[in-house]
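These notes are about the structure you will find just below.
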Amino acid sequence: MLMTKRYWIISLVAVIMLVTASAIIISKKNKTAGSNDMLPVALRTLKMGDGWGYEVLVDNKVYIHQDCIPAISSFKRFSTESEAMLIGNKVVDKIKHGHKPVITLQDINDTHIHY
């Protein structure tokens, strides 16, 4: 009687340990797989006749074509390539972190873009 009770307790503990170890391994695999499954996101600036714009590429395809400063009420291009790159990188960062690629007027003002 004592031996069978001990056998069941040991078996139960072993099963619990196996289930726990399996859950940990599966959890780690899912976290790793998620980061490797992301498509590459890149930025390229565009020289326009009277200023600059940018394109955000996802998996080497144009995802966003921005030929003017977003979020302002008038149509105006970025004055410099670095301004276009600053806002474009902000969009890329939002995409990479799973956020909507929305630029607000506050984003424009925070980066001191002249418009």
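Starting from 1 in every chain, residues are counted up; chains themselves are A, B, ... following the order of the structure tokens, and ligands are numbered from 1 as listed.
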Write out as a tab-separated table the residues of region 45-85 of chain A that have any atom within 9 Å of an atom of region 97-109 of chain A, one row each with the nearest atom pair and its distance in Å to one decimal, counting only C-alpha atoms, sorted by chain and then rising number.
residue	atom	partner	partner_atom	distance
A:Ile69	CA	A:Ile108	CA	8.3
A:Pro70	CA	A:Ile103	CA	6.5
A:Ala71	CA	A:Leu105	CA	5.2
A:Ile72	CA	A:Leu105	CA	6.4
* To do: Run DSSP on the backbone and grab whatever in chain A lands in strand (DSSP E or B); send it over as a list of chain:residue names.
  => A:Val41, A:Ala42, A:Leu43, A:Arg44, A:Thr45, A:Leu46, A:Lys47, A:Met48, A:Gly51, A:Trp52, A:Gly53, A:Tyr54, A:Glu55, A:Val56, A:Leu57, A:Val58, A:Lys61, A:Val62, A:Tyr63, A:Ile64, A:His65, A:Gln66, A:Phe78
(Q) Report as JSON, numbers by chain all protein, DNA and RNA residues lying within 7 Å of Gly88 (chain A), evaluated on only C-alpha atoms, omitting residues in the same chain fewer than 4 positions from it. (A) {"A": [43, 54, 84, 92]}
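Nearest residue to Met38 (chain A) among A:Leu12, A:Cys68, A:Val56, A:Ile95 is A:Ile95, counting only C-alpha atoms.
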Name the residues of chain A that come out as helix (DSSP H, G or I) in a backbone DSSP run; write them as a PDB file with C-alpha atoms, in the first residue's frame.
ATOM      1  CA  LEU A   2       2.752   2.458   0.973  1.00  0.00           C
ATOM      2  CA  MET A   3       4.727   1.635  -2.166  1.00  0.00           C
ATOM      3  CA  THR A   4       1.783   2.257  -4.528  1.00  0.00           C
ATOM      4  CA  LYS A   5       0.940   5.560  -2.806  1.00  0.00           C
ATOM      5  CA  ARG A   6       4.575   6.684  -3.114  1.00  0.00           C
ATOM      6  CA  TYR A   7       4.621   5.568  -6.766  1.00  0.00           C
ATOM      7  CA  TRP A   8       1.542   7.701  -7.573  1.00  0.00           C
ATOM      8  CA  ILE A   9       2.954  10.760  -5.808  1.00  0.00           C
ATOM      9  CA  ILE A  10       6.258  10.465  -7.680  1.00  0.00           C
ATOM     10  CA  SER A  11       4.412   9.939 -10.976  1.00  0.00           C
ATOM     11  CA  LEU A  12       2.199  12.961 -10.347  1.00  0.00           C
ATOM     12  CA  VAL A  13       5.184  15.185  -9.527  1.00  0.00           C
ATOM     13  CA  ALA A  14       6.990  13.977 -12.668  1.00  0.00           C
ATOM     14  CA  VAL A  15       3.966  14.741 -14.870  1.00  0.00           C
ATOM     15  CA  ILE A  16       3.608  18.226 -13.353  1.00  0.00           C
ATOM     16  CA  MET A  17       7.299  18.913 -13.995  1.00  0.00           C
ATOM     17  CA  LEU A  18       7.023  17.737 -17.613  1.00  0.00           C
ATOM     18  CA  VAL A  19       3.954  19.889 -18.265  1.00  0.00           C
ATOM     19  CA  THR A  20       5.634  22.935 -16.713  1.00  0.00           C
ATOM     20  CA  ALA A  21       8.856  22.424 -18.695  1.00  0.00           C
ATOM     21  CA  SER A  22       6.884  21.980 -21.928  1.00  0.00           C
ATOM     22  CA  ALA A  23       4.913  25.176 -21.304  1.00  0.00           C
ATOM     23  CA  ILE A  24       8.133  27.140 -20.718  1.00  0.00           C
ATOM     24  CA  ILE A  25       9.766  25.777 -23.881  1.00  0.00           C
ATOM     25  CA  ILE A  26       6.684  26.515 -26.012  1.00  0.00           C
ATOM     26  CA  SER A  27       6.443  30.015 -24.577  1.00  0.00           C
ATOM     27  CA  LYS A  28      10.075  30.781 -25.421  1.00  0.00           C
ATOM     28  CA  LYS A  29       9.690  29.410 -28.950  1.00  0.00           C
ATOM     29  CA  ASN A  30       6.641  31.619 -29.571  1.00  0.00           C
ATOM     30  CA  LYS A  31       8.474  34.748 -28.420  1.00  0.00           C
ATOM     31  CA  THR A  32      11.455  33.967 -30.649  1.00  0.00           C
ATOM     32  CA  ALA A  33       9.328  33.026 -33.635  1.00  0.00           C
ATOM     33  CA  GLY A  34       7.361  36.272 -33.424  1.00  0.00           C
ATOM     34  CA  SER A  35      10.448  38.445 -33.709  1.00  0.00           C
ATOM     35  CA  ASN A  36      11.846  36.449 -36.639  1.00  0.00           C
ATOM     36  CA  GLU A  81      16.514  65.532 -46.397  1.00  0.00           C
ATOM     37  CA  SER A  82      17.244  65.309 -42.669  1.00  0.00           C
ATOM     38  CA  GLU A  83      13.738  66.618 -41.825  1.00  0.00           C
ATOM     39  CA  ALA A  84      12.167  63.979 -44.088  1.00  0.00           C
ATOM     40  CA  MET A  85      14.382  61.330 -42.538  1.00  0.00           C
ATOM     41  CA  LEU A  86      13.495  62.419 -38.989  1.00  0.00           C
ATOM     42  CA  ILE A  87       9.750  62.019 -39.515  1.00  0.00           C
ATOM     43  CA  GLY A  88      10.182  58.944 -41.719  1.00  0.00           C
ATOM     44  CA  ASN A  89      12.201  57.230 -38.977  1.00  0.00           C
ATOM     45  CA  LYS A  90       9.465  58.090 -36.474  1.00  0.00           C
ATOM     46  CA  VAL A  91       6.967  56.287 -38.756  1.00  0.00           C
ATOM     47  CA  VAL A  92       9.299  53.287 -39.128  1.00  0.00           C
ATOM     48  CA  ASP A  93       9.718  53.063 -35.336  1.00  0.00           C
ATOM     49  CA  LYS A  94       5.947  53.097 -34.851  1.00  0.00           C
ATOM     50  CA  ILE A  95       5.507  50.279 -37.367  1.00  0.00           C
ATOM     51  CA  LYS A  96       8.288  48.194 -35.808  1.00  0.00           C
ATOM     52  CA  LEU A 105       1.067  67.913 -35.519  1.00  0.00           C
ATOM     53  CA  GLN A 106       2.666  67.452 -32.097  1.00  0.00           C
ATOM     54  CA  ASP A 107       5.203  65.044 -33.676  1.00  0.00           C
ATOM     55  CA  ILE A 108       6.029  67.685 -36.291  1.00  0.00           C
ATOM     56  CA  ASN A 109       6.417  70.422 -33.684  1.00  0.00           C
ATOM     57  CA  ASP A 110       8.459  68.203 -31.342  1.00  0.00           C
TER      58      ASP A 110
END
From A:Val41, A:Trp52, A:His114, A:Val58, residue lying nearest Thr80 (chain A) [only C-alpha atoms] =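 The closest residue to Thr80 (chain A) is A:Trp52.
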- request: In Å, rounded to a single decimal, give me how far CA of Lys76 (chain A) is from CA of Tyr115 (chain A).
  value: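 So the answer is 7.0 Å.
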